[in-house]
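K.L.:
Next up, start_34.txt (compact mmCIF, C-alpha atoms (C1' of nucleotides)).
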```txt
# COMPACT_ATOMS: atom_id res chain seq x y z
CA MET K 1 53.64 47.74 2.83
CA ASN K 2 54.45 44.51 4.54
CA ILE K 3 52.60 43.43 7.65
CA SER K 4 55.71 43.37 9.80
CA GLU K 5 56.63 46.79 8.42
CA VAL K 6 53.35 48.16 9.71
CA ARG K 7 53.93 46.65 13.14
CA GLU K 8 57.43 48.02 13.21
CA ARG K 9 56.29 51.46 12.22
CA ILE K 10 53.56 51.48 14.84
CA VAL K 11 55.89 50.32 17.57
CA ALA K 12 58.66 52.74 16.63
CA THR K 13 56.24 55.65 16.49
CA ALA K 14 54.60 54.66 19.77
CA ASP K 15 58.00 54.38 21.37
CA GLU K 16 58.87 57.93 20.37
CA LEU K 17 55.53 59.39 21.38
CA TYR K 18 55.29 57.53 24.67
CA ASN K 19 58.81 58.56 25.51
CA ALA K 20 58.21 62.19 24.65
CA LYS K 21 54.81 62.67 26.29
CA GLY K 22 54.17 59.72 28.55
CA ILE K 23 52.04 56.71 27.72
CA GLN K 24 48.73 57.94 29.06
CA ALA K 25 49.06 61.31 27.35
CA VAL K 26 49.18 59.73 23.88
CA GLY K 27 45.87 58.59 22.52
CA MET K 28 45.30 56.03 19.83
CA ASP K 29 44.26 58.76 17.43
CA GLU K 30 47.50 60.65 17.84
CA LEU K 31 49.45 57.45 17.37
CA ARG K 32 47.38 56.67 14.29
CA SER K 33 48.17 60.04 12.73
CA ALA K 34 51.85 59.97 13.62
CA ALA K 35 52.35 56.46 12.32
CA GLY K 36 50.34 57.17 9.21
CA VAL K 37 48.14 54.11 9.46
CA SER K 38 44.42 53.72 9.71
CA LEU K 39 42.69 52.85 12.97
CA LYS K 40 41.60 49.62 11.34
CA LYS K 41 45.19 48.65 10.63
CA LEU K 42 46.17 49.62 14.16
CA TYR K 43 43.59 47.34 15.67
CA GLY K 44 44.33 44.73 13.08
CA GLU K 45 47.90 44.50 14.31
CA PHE K 46 47.25 45.00 18.01
CA PRO K 47 44.15 44.07 19.97
CA SER K 48 44.45 46.95 22.42
CA LYS K 49 46.55 49.86 23.54
CA SER K 50 48.06 47.85 26.36
CA SER K 51 49.37 45.32 23.86
CA ILE K 52 51.07 48.17 22.03
CA VAL K 53 52.58 49.29 25.31
CA MET K 54 53.99 45.83 25.89
CA ALA K 55 55.37 45.71 22.35
CA VAL K 56 57.03 49.07 22.94
CA LEU K 57 58.62 47.75 26.12
CA GLU K 58 59.99 44.77 24.23
CA HIS K 59 61.28 47.13 21.57
CA ARG K 60 62.98 49.27 24.19
CA HIS K 61 64.50 46.27 25.87
CA GLN K 62 66.01 45.13 22.61
CA SER K 63 67.35 48.60 21.73
CA TRP K 64 68.87 49.02 25.16
CA THR K 65 70.44 45.59 25.24
CA GLU K 66 71.90 45.82 21.76
CA GLY K 67 73.12 49.39 22.14
CA LEU K 68 74.74 48.72 25.46
CA ASP K 69 76.39 45.53 24.32
CA ALA K 70 77.72 47.20 21.18
CA THR K 71 79.40 49.88 23.28
CA VAL K 72 80.74 47.36 25.75
CA ARG K 73 82.21 45.20 23.02
CA GLN K 74 84.25 48.12 21.72
CA SER K 75 86.21 48.18 24.95
CA GLY K 76 89.28 46.10 25.60
CA THR K 77 89.94 45.23 29.20
CA PRO K 78 87.29 43.92 31.58
CA ARG K 79 87.63 47.09 33.62
CA GLU K 80 87.03 49.24 30.55
CA ARG K 81 84.06 47.11 29.65
CA LEU K 82 82.47 47.83 33.00
CA LEU K 83 83.10 51.52 32.55
CA ALA K 84 81.70 51.41 29.02
CA ILE K 85 78.26 51.13 30.61
CA PHE K 86 78.59 54.73 31.66
CA ASP K 87 79.91 55.82 28.29
CA TYR K 88 76.78 54.37 26.78
CA LEU K 89 74.70 56.32 29.28
CA ALA K 90 76.61 59.51 28.46
CA GLY K 91 75.79 59.20 24.78
CA TRP K 92 72.17 58.51 25.56
CA PHE K 93 71.75 61.42 27.96
CA CYS K 94 72.98 63.86 25.34
CA GLN K 95 70.23 63.01 22.92
CA ASP K 96 67.46 65.57 22.69
CA SER K 97 64.88 62.87 22.99
CA PHE K 98 66.24 61.61 26.29
CA ARG K 99 63.59 61.78 28.96
CA GLY K 100 64.76 59.11 31.38
CA CYS K 101 64.65 55.35 31.38
CA GLY K 102 61.53 54.17 29.63
CA PHE K 103 61.11 51.31 32.06
CA ILE K 104 61.35 53.48 35.13
CA ASN K 105 58.89 55.86 33.52
CA SER K 106 56.41 53.22 32.48
CA PHE K 107 56.69 51.58 35.88
CA ALA K 108 55.96 54.91 37.54
CA GLU K 109 53.06 55.59 35.24
CA LEU K 110 51.41 52.19 35.03
CA GLY K 111 53.19 49.83 37.39
CA ALA K 112 50.63 50.22 40.13
CA VAL K 113 47.75 49.60 37.76
CA SER K 114 49.17 47.13 35.27
CA PRO K 115 50.91 44.03 36.63
CA GLU K 116 52.17 43.27 33.12
CA VAL K 117 54.07 46.54 32.92
CA ALA K 118 55.44 46.20 36.44
CA GLU K 119 56.63 42.69 35.76
CA TYR K 120 58.26 43.62 32.48
CA ALA K 121 60.11 46.51 34.07
CA ARG K 122 61.31 44.20 36.82
CA LYS K 123 62.56 41.67 34.32
CA HIS K 124 64.32 44.29 32.26
CA LYS K 125 66.18 45.61 35.29
CA GLU K 126 66.97 42.09 36.36
CA SER K 127 68.48 41.29 32.98
CA PHE K 128 70.61 44.42 33.21
CA GLN K 129 71.82 43.36 36.63
CA GLU K 130 72.74 39.96 35.28
CA TYR K 131 74.57 41.54 32.39
CA VAL K 132 76.61 43.71 34.72
CA ALA K 133 77.23 40.75 36.97
CA ARG K 134 78.68 38.86 34.03
CA LEU K 135 80.99 41.74 33.14
CA ALA K 136 82.05 42.05 36.77
CA MET K 137 82.76 38.36 37.00
CA GLU K 138 84.91 38.54 33.89
CA ALA K 139 86.82 41.32 35.58
CA GLY K 140 87.42 39.05 38.54
CA ALA K 141 85.50 41.27 40.93
CA PRO K 142 83.62 40.07 44.00
CA ALA K 143 79.87 39.58 43.68
CA TYR K 144 78.94 42.74 45.53
CA LEU K 145 80.39 45.01 42.83
CA ALA K 146 77.69 44.42 40.23
CA PRO K 147 74.73 45.67 42.31
CA GLN K 148 76.75 48.74 43.23
CA LEU K 149 77.38 49.57 39.60
CA THR K 150 73.79 48.96 38.53
CA ILE K 151 72.58 51.26 41.29
CA LEU K 152 74.96 53.92 40.00
CA ALA K 153 73.63 53.44 36.48
CA GLU K 154 70.01 53.66 37.62
CA GLY K 155 70.72 56.75 39.65
CA ALA K 156 72.48 58.41 36.76
CA GLN K 157 69.45 57.83 34.57
CA THR K 158 66.93 59.43 36.88
CA THR K 159 69.28 62.23 37.86
CA ALA K 160 70.03 63.11 34.26
CA ALA K 161 66.35 62.95 33.33
CA ILE K 162 65.09 65.20 36.09
CA ALA K 163 68.01 67.62 36.13
CA GLY K 164 67.93 67.86 32.35
CA THR K 165 71.70 67.61 32.07
CA SER K 166 74.08 64.81 31.21
CA ASP K 167 76.49 65.49 34.06
CA ALA K 168 75.39 62.43 35.98
CA ALA K 169 76.96 60.07 33.47
CA GLY K 170 80.46 61.35 34.10
CA GLN K 171 79.93 61.55 37.84
CA ALA K 172 78.65 58.00 37.95
CA ARG K 173 81.55 56.86 35.81
CA GLN K 174 84.07 58.33 38.20
CA ALA K 175 82.30 56.71 41.13
CA ALA K 176 82.31 53.43 39.24
CA GLU K 177 86.07 53.67 38.78
CA VAL K 178 86.53 54.03 42.51
CA LEU K 179 84.20 51.13 43.28
CA ILE K 180 85.77 48.86 40.68
CA ASP K 181 89.31 49.55 41.84
CA ALA K 182 88.33 49.06 45.46
CA ALA K 183 86.60 45.78 44.67
CA LEU K 184 89.51 44.50 42.59
CA SER K 185 92.09 45.38 45.21
CA ALA K 186 89.92 43.79 47.89
CA ILE K 187 90.29 40.50 46.02
CA SER K 188 94.07 40.58 46.16
CA SER K 189 94.14 41.73 49.79
CA PRO K 190 90.84 40.80 51.44
CA GLN K 191 90.45 42.37 54.84
CA ALA K 192 86.76 43.33 55.08
CA MET H 1 36.55 70.72 61.36
CA ASN H 2 38.98 73.53 60.81
CA ILE H 3 39.75 74.75 57.30
CA SER H 4 43.41 73.86 57.51
CA GLU H 5 42.44 70.46 58.87
CA VAL H 6 40.41 69.85 55.75
CA ARG H 7 43.30 70.85 53.52
CA GLU H 8 45.65 68.67 55.49
CA ARG H 9 43.35 65.70 55.29
CA ILE H 10 42.87 66.13 51.57
CA VAL H 11 46.58 66.43 50.92
CA ALA H 12 47.50 63.49 53.15
CA THR H 13 44.86 61.29 51.53
CA ALA H 14 45.86 62.37 48.05
CA ASP H 15 49.48 61.66 48.87
CA GLU H 16 48.65 58.09 49.88
CA LEU H 17 46.38 57.43 46.93
CA TYR H 18 48.66 59.00 44.34
CA ASN H 19 51.57 57.05 45.74
CA ALA H 20 49.69 53.78 45.73
CA LYS H 21 48.02 54.01 42.33
CA GLY H 22 49.64 56.82 40.42
CA ILE H 23 48.27 60.32 40.03
CA GLN H 24 46.29 59.85 36.85
CA ALA H 25 44.67 56.68 38.11
CA VAL H 26 43.04 58.44 41.06
CA GLY H 27 39.98 60.50 40.21
CA MET H 28 38.54 63.34 42.20
CA ASP H 29 35.64 61.16 43.26
CA GLU H 30 37.87 58.50 44.73
CA LEU H 31 39.85 61.15 46.56
CA ARG H 32 36.61 62.68 47.81
CA SER H 33 35.42 59.38 49.23
CA ALA H 34 38.74 58.44 50.77
CA ALA H 35 39.21 61.84 52.40
CA GLY H 36 35.62 61.92 53.59
CA VAL H 37 34.86 65.40 52.30
CA SER H 38 32.30 66.67 49.86
CA LEU H 39 33.19 67.64 46.33
CA LYS H 40 32.15 71.16 47.21
CA LYS H 41 34.69 71.30 50.04
CA LEU H 42 37.33 69.80 47.75
CA TYR H 43 36.86 72.49 45.16
CA GLY H 44 36.50 75.06 47.89
CA GLU H 45 40.00 74.30 49.10
CA PHE H 46 41.64 73.65 45.76
CA PRO H 47 40.73 75.14 42.40
CA SER H 48 41.73 72.07 40.42
CA LYS H 49 43.29 68.66 40.56
CA SER H 50 46.63 69.98 39.42
CA SER H 51 46.74 72.31 42.41
CA ILE H 52 46.19 69.30 44.65
CA VAL H 53 49.03 67.56 42.89
CA MET H 54 51.32 70.50 43.58
CA ALA H 55 50.24 70.57 47.22
CA VAL H 56 51.02 66.87 47.48
CA LEU H 57 54.47 67.47 46.05
CA GLU H 58 55.11 70.16 48.65
CA HIS H 59 53.89 67.80 51.34
CA ARG H 60 56.20 65.08 50.11
CA HIS H 61 59.12 67.45 49.98
CA GLN H 62 58.56 68.44 53.57
CA SER H 63 58.14 64.86 54.79
CA TRP H 64 61.28 63.76 52.99
CA THR H 65 63.37 66.68 54.17
CA GLU H 66 62.28 66.39 57.78
CA GLY H 67 62.52 62.60 57.92
CA LEU H 68 65.95 62.55 56.36
CA ASP H 69 67.29 65.31 58.53
CA ALA H 70 65.94 63.64 61.67
CA THR H 71 67.81 60.45 60.82
CA VAL H 72 70.97 62.33 59.90
CA ARG H 73 70.96 64.28 63.13
CA GLN H 74 70.96 61.08 65.16
CA SER H 75 74.38 60.25 63.80
CA GLY H 76 77.61 61.44 65.35
CA THR H 77 80.52 61.79 63.00
CA PRO H 78 80.30 63.51 59.61
CA ARG H 79 81.02 60.19 57.96
CA GLU H 80 78.17 58.53 59.82
CA ARG H 81 75.90 61.40 58.90
CA LEU H 82 76.57 60.82 55.22
CA LEU H 83 75.85 57.14 55.65
CA ALA H 84 72.68 57.90 57.57
CA ILE H 85 71.12 58.89 54.25
CA PHE H 86 71.12 55.24 53.31
CA ASP H 87 69.78 54.16 56.67
CA TYR H 88 66.88 56.47 56.07
CA LEU H 89 66.34 54.88 52.67
CA ALA H 90 66.49 51.41 54.20
CA GLY H 91 63.70 52.22 56.62
CA TRP H 92 61.63 53.74 53.86
CA PHE H 93 62.06 50.82 51.46
CA CYS H 94 60.78 48.39 54.08
CA GLN H 95 57.43 50.12 54.37
CA ASP H 96 54.57 48.36 52.62
CA SER H 97 53.48 51.60 51.05
CA PHE H 98 56.85 52.17 49.37
CA ARG H 99 56.45 52.44 45.65
CA GLY H 100 59.47 54.50 44.68
CA CYS H 101 60.33 58.15 44.97
CA GLY H 102 57.20 60.23 44.54
CA PHE H 103 59.08 62.88 42.61
CA ILE H 104 60.60 60.46 40.16
CA ASN H 105 57.17 58.92 39.71
CA SER H 106 55.33 62.19 39.25
CA PHE H 107 58.02 63.40 36.88
CA ALA H 108 57.67 60.23 34.85
CA GLU H 109 53.91 60.49 34.82
CA LEU H 110 53.37 64.20 34.27
CA GLY H 111 56.75 65.83 33.72
CA ALA H 112 56.40 65.86 29.95
CA VAL H 113 52.94 67.38 30.11
CA SER H 114 53.10 69.62 33.16
CA PRO H 115 56.02 72.06 33.41
CA GLU H 116 55.02 72.77 37.02
CA VAL H 117 55.50 69.18 38.05
CA ALA H 118 58.76 68.85 36.15
CA GLU H 119 60.13 72.00 37.71
CA TYR H 120 59.12 70.98 41.21
CA ALA H 121 60.76 67.59 40.84
CA ARG H 122 63.92 69.28 39.60
CA LYS H 123 63.97 71.63 42.55
CA HIS H 124 63.38 68.83 45.02
CA LYS H 125 66.29 66.84 43.67
CA GLU H 126 68.42 69.94 43.61
CA SER H 127 67.69 70.62 47.26
CA PHE H 128 68.65 67.04 48.10
CA GLN H 129 71.92 67.47 46.24
CA GLU H 130 72.63 70.64 48.16
CA TYR H 131 71.84 68.90 51.43
CA VAL H 132 74.25 66.09 50.65
CA ALA H 133 76.84 68.61 49.50
CA ARG H 134 76.61 70.32 52.89
CA LEU H 135 77.07 67.03 54.73
CA ALA H 136 80.01 66.15 52.51
CA MET H 137 81.60 69.52 53.06
CA GLU H 138 81.27 69.09 56.81
CA ALA H 139 83.05 65.78 56.42
CA GLY H 140 85.87 67.57 54.63
CA ALA H 141 85.32 65.68 51.40
CA PRO H 142 86.09 67.04 47.93
CA ALA H 143 83.20 68.48 45.96
CA TYR H 144 82.85 65.50 43.65
CA LEU H 145 81.72 63.19 46.47
CA ALA H 146 78.24 64.66 46.91
CA PRO H 147 76.97 64.00 43.37
CA GLN H 148 78.30 60.46 43.60
CA LEU H 149 76.33 59.83 46.77
CA THR H 150 73.14 61.40 45.47
CA ILE H 151 73.34 59.25 42.36
CA LEU H 152 73.69 56.20 44.60
CA ALA H 153 70.65 57.30 46.60
CA GLU H 154 68.58 57.89 43.47
CA GLY H 155 69.57 54.56 42.03
CA ALA H 156 68.72 52.78 45.24
CA GLN H 157 65.24 54.28 45.17
CA THR H 158 64.37 53.17 41.66
CA THR H 159 66.04 49.80 42.08
CA ALA H 160 64.18 49.08 45.29
CA ALA H 161 60.90 50.24 43.80
CA ILE H 162 61.06 48.14 40.66
CA ALA H 163 62.67 45.07 42.20
CA GLY H 164 60.24 45.19 45.10
CA THR H 165 62.96 44.51 47.64
CA SER H 166 64.93 46.68 50.03
CA ASP H 167 68.31 45.17 49.18
CA ALA H 168 69.42 48.24 47.28
CA ALA H 169 69.66 50.34 50.43
CA GLY H 170 72.36 48.18 51.96
CA GLN H 171 74.19 47.78 48.67
CA ALA H 172 74.18 51.52 48.11
CA ARG H 173 75.34 52.09 51.67
CA GLN H 174 78.33 49.82 51.19
CA ALA H 175 79.19 51.57 47.96
CA ALA H 176 78.87 54.89 49.73
CA GLU H 177 81.35 53.78 52.37
CA VAL H 178 83.89 52.99 49.69
CA LEU H 179 83.32 56.30 47.90
CA ILE H 180 83.49 58.31 51.12
CA ASP H 181 86.67 56.67 52.29
CA ALA H 182 88.29 57.07 48.89
CA ALA H 183 87.31 60.73 48.74
CA LEU H 184 88.55 61.45 52.25
CA SER H 185 91.86 59.72 51.69
CA ALA H 186 92.26 61.58 48.40
CA ILE H 187 92.23 64.81 50.39
CA SER H 188 95.18 63.80 52.56
CA SER H 189 97.14 62.38 49.64
CA PRO H 190 95.87 64.01 46.42
CA GLN H 191 97.23 62.30 43.36
CA ALA H 192 94.32 62.25 40.90
C1' DC E 1 8.11 78.89 64.96
C1' DA E 2 9.70 80.79 60.66
C1' DT E 3 13.29 81.69 57.51
C1' DA E 4 17.62 82.53 55.42
C1' DG E 5 21.93 80.69 54.72
C1' DT E 6 25.08 76.68 54.51
C1' DA E 7 26.74 72.22 53.46
C1' DG E 8 26.47 67.58 51.66
C1' DA E 9 25.18 64.11 48.23
C1' DG E 10 25.20 63.20 43.94
C1' DA E 11 23.23 64.33 39.28
C1' DA E 12 24.67 66.65 35.20
C1' DC E 13 27.77 68.51 31.69
C1' DG E 14 31.39 68.68 28.50
C1' DT E 15 35.48 66.53 27.14
C1' DT E 16 38.66 62.86 26.21
C1' DC E 17 39.80 58.26 25.23
C1' DG E 18 39.75 53.36 23.78
C1' DT E 19 37.33 50.71 20.72
C1' DT E 20 33.99 49.51 17.12
C1' DC E 21 31.14 50.46 13.15
C1' DT E 22 29.72 52.59 8.79
C1' DC E 23 30.21 53.82 4.42
C1' DA E 24 32.41 55.40 0.42
C1' DT E 25 36.36 54.30 -2.46
C1' DT E 26 39.72 51.51 -4.70
C1' DG E 27 41.83 47.72 -6.92
C1' DC E 28 41.20 43.45 -8.93
C1' DA E 29 39.19 39.31 -11.00
C1' DA E 30 35.88 37.13 -14.05
C1' DT Z 1 32.05 46.11 -17.46
C1' DT Z 2 30.50 44.19 -13.25
C1' DG Z 3 30.79 42.52 -8.81
C1' DC Z 4 33.56 41.65 -4.71
C1' DA Z 5 36.90 42.02 -1.27
C1' DA Z 6 39.75 45.10 1.14
C1' DT Z 7 41.00 49.62 2.77
C1' DG Z 8 40.83 54.18 4.73
C1' DA Z 9 38.62 58.09 6.95
C1' DG Z 10 36.18 59.27 10.39
C1' DA Z 11 31.64 58.94 12.84
C1' DA Z 12 29.76 56.64 16.75
C1' DC Z 13 29.56 54.57 21.27
C1' DG Z 14 30.28 53.71 26.05
C1' DA Z 15 33.01 54.71 29.87
C1' DA Z 16 35.73 57.70 32.81
C1' DC Z 17 37.12 62.00 34.42
C1' DG Z 18 37.35 66.96 35.93
C1' DT Z 19 34.28 70.33 37.11
C1' DT Z 20 29.88 72.62 38.05
C1' DC Z 21 25.08 72.69 39.36
C1' DT Z 22 20.89 71.36 41.78
C1' DC Z 23 18.25 69.97 45.35
C1' DT Z 24 17.54 68.61 49.87
C1' DA Z 25 18.28 68.83 54.81
C1' DC Z 26 19.98 71.00 58.64
C1' DT Z 27 21.40 74.93 61.54
C1' DA Z 28 21.16 79.20 63.56
C1' DT Z 29 19.18 83.59 64.34
C1' DG Z 30 15.06 86.76 64.87
```
What would you get if you wrote out this structure as structure tokens?
P.N.:
Amino acid sequence: MNISEVRERIVATADELYNAKGIQAVGMDELRSAAGVSLKKLYGEFPSKSSIVMAVLEHRHQSWTEGLDATVRQSGTPRERLLAIFDYLAGWFCQDSFRGCGFINSFAELGAVSPEVAEYARKHKESFQEYVARLAMEAGAPAYLAPQLTILAEGAQTTAAIAGTSDAAGQARQAAEVLIDAALSAISSPQA
Amino acid sequence: MNISEVRERIVATADELYNAKGIQAVGMDELRSAAGVSLKKLYGEFPSKSSIVMAVLEHRHQSWTEGLDATVRQSGTPRERLLAIFDYLAGWFCQDSFRGCGFINSFAELGAVSPEVAEYARKHKESFQEYVARLAMEAGAPAYLAPQLTILAEGAQTTAAIAGTSDAAGQARQAAEVLIDAALSAISSPQA
DNA sequence: CATAGTAGAGAACGTTCGTTCTCATTGCAA
DNA sequence: TTGCAATGAGAACGAACGTTCTCTACTATG
């Protein structure tokens, strides 16, 4: 087993466990068993639990970014590409393993105690905002649209997680349609 | 010191500490010191930490409900009352102690491990949705408006918490205006 | 004044967790 | 075959935490 394979396995397993039970509820021993590696290998790859947590956050960031972008790229018009964000959310919410945004959750759990985690969550959300801003710009929308849509997306995530249903994705999508159309028509006839 | 005063003090102190540091990061000893009561009194009032957590959630629910309703009632028209939700958020986000919605945070921290906490968070959010639905109904809006506005409010909370700024309140409020106006005009000329 | 009951401070206990250490085993090279 | 390096399983350790227990000091009543 390759070294990077071990790292990958540890991170993937930790991601699943942390998502399912929360970070603090999963001990190193449970992670060790689930990943099928020895404690020695675990601490050979990572110096501490917190470094595993940071690796998991990076892993999540990459999954989210790639998955979202793949869905967005399947859409044709700029307007559809903005709405594709919510289609991506809808697919995510329907998964059994969905338990809310991992960054919101890790921020809630450790943000007050770990500046690293708080900062990483902030950066992740910032990069999402920039991504949406780029899509909105390509659609020719005014600058205020992007924050509105990201707030919708964030709200859909927490609502779906706590309610335990995926309804929020469709509701947010419909709201996004209204906001997008209003923003685009405000460009052609600005009066606010 | 009255018995109910002791309970109140414990719950209020726990609320502050749990909000500032996270629930799991605050031990019974720290709570004891901060509240200025003996461990014996603590365990005389509450059988366990988890019962304190539940009492804190109830306390938060009451604070939120009363604070929101007070702000809403200061507004005149039904439309203004819907928008007052976001004024309430704006005031909250500006407080130094703001660290995100306590229910989202407790759900993220303990929801996977404690069914009680998960269920209470769900009920709290549900009651907020019903409150918004009532306001929307009084404004004569179609049923789909309320979920859209609650999603905006949820998103504003997590965005403000993680970004560390209060910008999201104003952005969500502007989005809400657009959604409200679109929903109200859809009533008079339904074509969707 | 004497004494019984109460309350506070904090020691103690059992458990859990992150991290390190030990030791037996295995695979390989000379 | 013999010796060595690496590996895995899990014991061990120190700290933290929730909870209970002990002991001391004070209060109030006879």
K.L.:
Could you list, as a PyMOL selection string, the residues of chain K having an atom within 10 Å of chain E when counting all atoms listed in the file?
P.N.:
chain K and resi 24-29+39-40+43+47-49
K.L.:
Restricting it to C-alpha atoms, dump the selection as an mmCIF file, in the coordinates of the input.
P.N.:
```cif
data_model
loop_
_atom_site.group_PDB
_atom_site.id
_atom_site.type_symbol
_atom_site.label_atom_id
_atom_site.label_comp_id
_atom_site.auth_asym_id
_atom_site.auth_seq_id
_atom_site.Cartn_x
_atom_site.Cartn_y
_atom_site.Cartn_z
ATOM 1 C CA GLN K 24 48.730 57.940 29.060
ATOM 2 C CA ALA K 25 49.060 61.310 27.350
ATOM 3 C CA VAL K 26 49.180 59.730 23.880
ATOM 4 C CA GLY K 27 45.870 58.590 22.520
ATOM 5 C CA MET K 28 45.300 56.030 19.830
ATOM 6 C CA ASP K 29 44.260 58.760 17.430
ATOM 7 C CA LEU K 39 42.690 52.850 12.970
ATOM 8 C CA LYS K 40 41.600 49.620 11.340
ATOM 9 C CA TYR K 43 43.590 47.340 15.670
ATOM 10 C CA PRO K 47 44.150 44.070 19.970
ATOM 11 C CA SER K 48 44.450 46.950 22.420
ATOM 12 C CA LYS K 49 46.550 49.860 23.540
#
```
K.L.:
Select all residues from chain H having any atom no more than 9 Å from an atom of chain K (counting all atoms listed in the file, ignoring ligands), output as a short mmCIF file (atom, residue, chain, number, x, y, z; two decimals) with C-alpha atoms, in the frame of the given file.
P.N.:
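Generated file (part-v9.cif):
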```
data_model
loop_
_atom_site.label_atom_id
_atom_site.label_comp_id
_atom_site.auth_asym_id
_atom_site.auth_seq_id
_atom_site.Cartn_x
_atom_site.Cartn_y
_atom_site.Cartn_z
CA ASN H 19 51.57 57.05 45.74
CA ALA H 20 49.69 53.78 45.73
CA LYS H 21 48.02 54.01 42.33
CA GLY H 22 49.64 56.82 40.42
CA ILE H 23 48.27 60.32 40.03
CA GLN H 24 46.29 59.85 36.85
CA ALA H 25 44.67 56.68 38.11
CA ARG H 99 56.45 52.44 45.65
CA GLY H 100 59.47 54.50 44.68
CA GLY H 102 57.20 60.23 44.54
CA ILE H 104 60.60 60.46 40.16
CA ASN H 105 57.17 58.92 39.71
CA SER H 106 55.33 62.19 39.25
CA PHE H 107 58.02 63.40 36.88
CA ALA H 108 57.67 60.23 34.85
CA GLU H 109 53.91 60.49 34.82
CA LEU H 110 53.37 64.20 34.27
CA GLY H 111 56.75 65.83 33.72
CA ALA H 112 56.40 65.86 29.95
CA VAL H 113 52.94 67.38 30.11
CA ALA H 118 58.76 68.85 36.15
CA GLU H 119 60.13 72.00 37.71
CA ALA H 121 60.76 67.59 40.84
CA ARG H 122 63.92 69.28 39.60
CA LYS H 123 63.97 71.63 42.55
CA LYS H 125 66.29 66.84 43.67
CA GLU H 126 68.42 69.94 43.61
CA TYR H 144 82.85 65.50 43.65
CA LEU H 145 81.72 63.19 46.47
CA PRO H 147 76.97 64.00 43.37
CA GLN H 148 78.30 60.46 43.60
CA LEU H 149 76.33 59.83 46.77
CA THR H 150 73.14 61.40 45.47
CA ILE H 151 73.34 59.25 42.36
CA LEU H 152 73.69 56.20 44.60
CA ALA H 153 70.65 57.30 46.60
CA GLU H 154 68.58 57.89 43.47
CA GLY H 155 69.57 54.56 42.03
CA ALA H 156 68.72 52.78 45.24
CA GLN H 157 65.24 54.28 45.17
CA THR H 158 64.37 53.17 41.66
CA THR H 159 66.04 49.80 42.08
CA ILE H 162 61.06 48.14 40.66
CA ALA H 163 62.67 45.07 42.20
CA GLY H 164 60.24 45.19 45.10
CA ALA H 168 69.42 48.24 47.28
CA GLN H 171 74.19 47.78 48.67
CA ALA H 172 74.18 51.52 48.11
CA GLN H 174 78.33 49.82 51.19
CA ALA H 175 79.19 51.57 47.96
CA VAL H 178 83.89 52.99 49.69
CA LEU H 179 83.32 56.30 47.90
CA ALA H 182 88.29 57.07 48.89
#
```
K.L.:
Would you compute the distance between CA of Ala55 in chain K and CA of Val11 in chain K? Give it in Å to one decimal.
P.N.:
6.7 Å
K.L.:
Could you list, with a cut-off of 10 Å and counting all atoms listed in the file, the residues of chain Z near chain H, each shown with its nearest atom pair and the distance in Å rounded to one decimal, rows sorted by chain and ascending number, as a Markdown table?
P.N.:
```
| residue | atom | partner | partner_atom | distance |
| --- | --- | --- | --- | --- |
| Z:DA16 | C1' | H:Gly27 | CA | 9.0 |
| Z:DC17 | C1' | H:Gly27 | CA | 6.6 |
| Z:DG18 | C1' | H:Met28 | CA | 7.3 |
| Z:DT19 | C1' | H:Ser48 | CA | 8.3 |
| Z:DT20 | C1' | H:Lys40 | CA | 9.5 |
```
K.L.:
Do you have the CA of Ile10 in chain K-CA of Thr165 in chain K distance handy?
P.N.:
29.8 Å
K.L.:
Pick out the residues sitting within 9 Å of Arg81 in chain K, and hand them over as a list in words; count all atoms listed in the file, and ignore anything fewer than 2 positions along from it in its own chain.
P.N.:
Thr71, Val72, Arg73, Gln74, Ser75, Gly76, Thr77, Pro78, Arg79, Leu83, Ala84, Ile85, Leu135, Ala136 and Ala139 of chain K
K.L.:
State, in Å with one decimal place, the distance from CA of Arg32 in chain H to CA of Glu66 in chain H.
P.N.:
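These atoms are spaced 27.8 Å apart.
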K.L.:
Excluding Gly36 in chain H and any residue of its chain fewer than 6 positions from it, enumerate the residues within 10 Å of it, using only C-alpha atoms (C1' of nucleotides), and give them as JSON, numbers by chain.
P.N.:
{"H": [6, 9, 10, 13, 30, 42]}
K.L.:
Can we get range 136-141 of chain K of that structure written down with N, CA and C atoms, as an mmCIF file, in the first residue's frame?
P.N.:
```
data_model
loop_
_atom_site.group_PDB
_atom_site.id
_atom_site.type_symbol
_atom_site.label_atom_id
_atom_site.label_comp_id
_atom_site.auth_asym_id
_atom_site.auth_seq_id
_atom_site.Cartn_x
_atom_site.Cartn_y
_atom_site.Cartn_z
ATOM 1 N N ALA K 136 -22.222 35.136 -11.756
ATOM 2 C CA ALA K 136 -23.179 36.243 -11.867
ATOM 3 C C ALA K 136 -22.672 37.299 -12.841
ATOM 4 N N MET K 137 -21.379 37.527 -12.791
ATOM 5 C CA MET K 137 -20.805 38.511 -13.709
ATOM 6 C C MET K 137 -20.969 38.055 -15.149
ATOM 7 N N GLU K 138 -20.729 36.756 -15.368
ATOM 8 C CA GLU K 138 -20.878 36.217 -16.717
ATOM 9 C C GLU K 138 -22.319 36.303 -17.201
ATOM 10 N N ALA K 139 -23.236 36.347 -16.233
ATOM 11 C CA ALA K 139 -24.642 36.495 -16.605
ATOM 12 C C ALA K 139 -25.008 37.967 -16.797
ATOM 13 N N GLY K 140 -24.067 38.841 -16.554
ATOM 14 C CA GLY K 140 -24.325 40.256 -16.721
ATOM 15 C C GLY K 140 -25.143 40.866 -15.596
ATOM 16 N N ALA K 141 -25.137 40.235 -14.441
ATOM 17 C CA ALA K 141 -25.939 40.723 -13.322
ATOM 18 C C ALA K 141 -25.164 41.749 -12.509
#
```
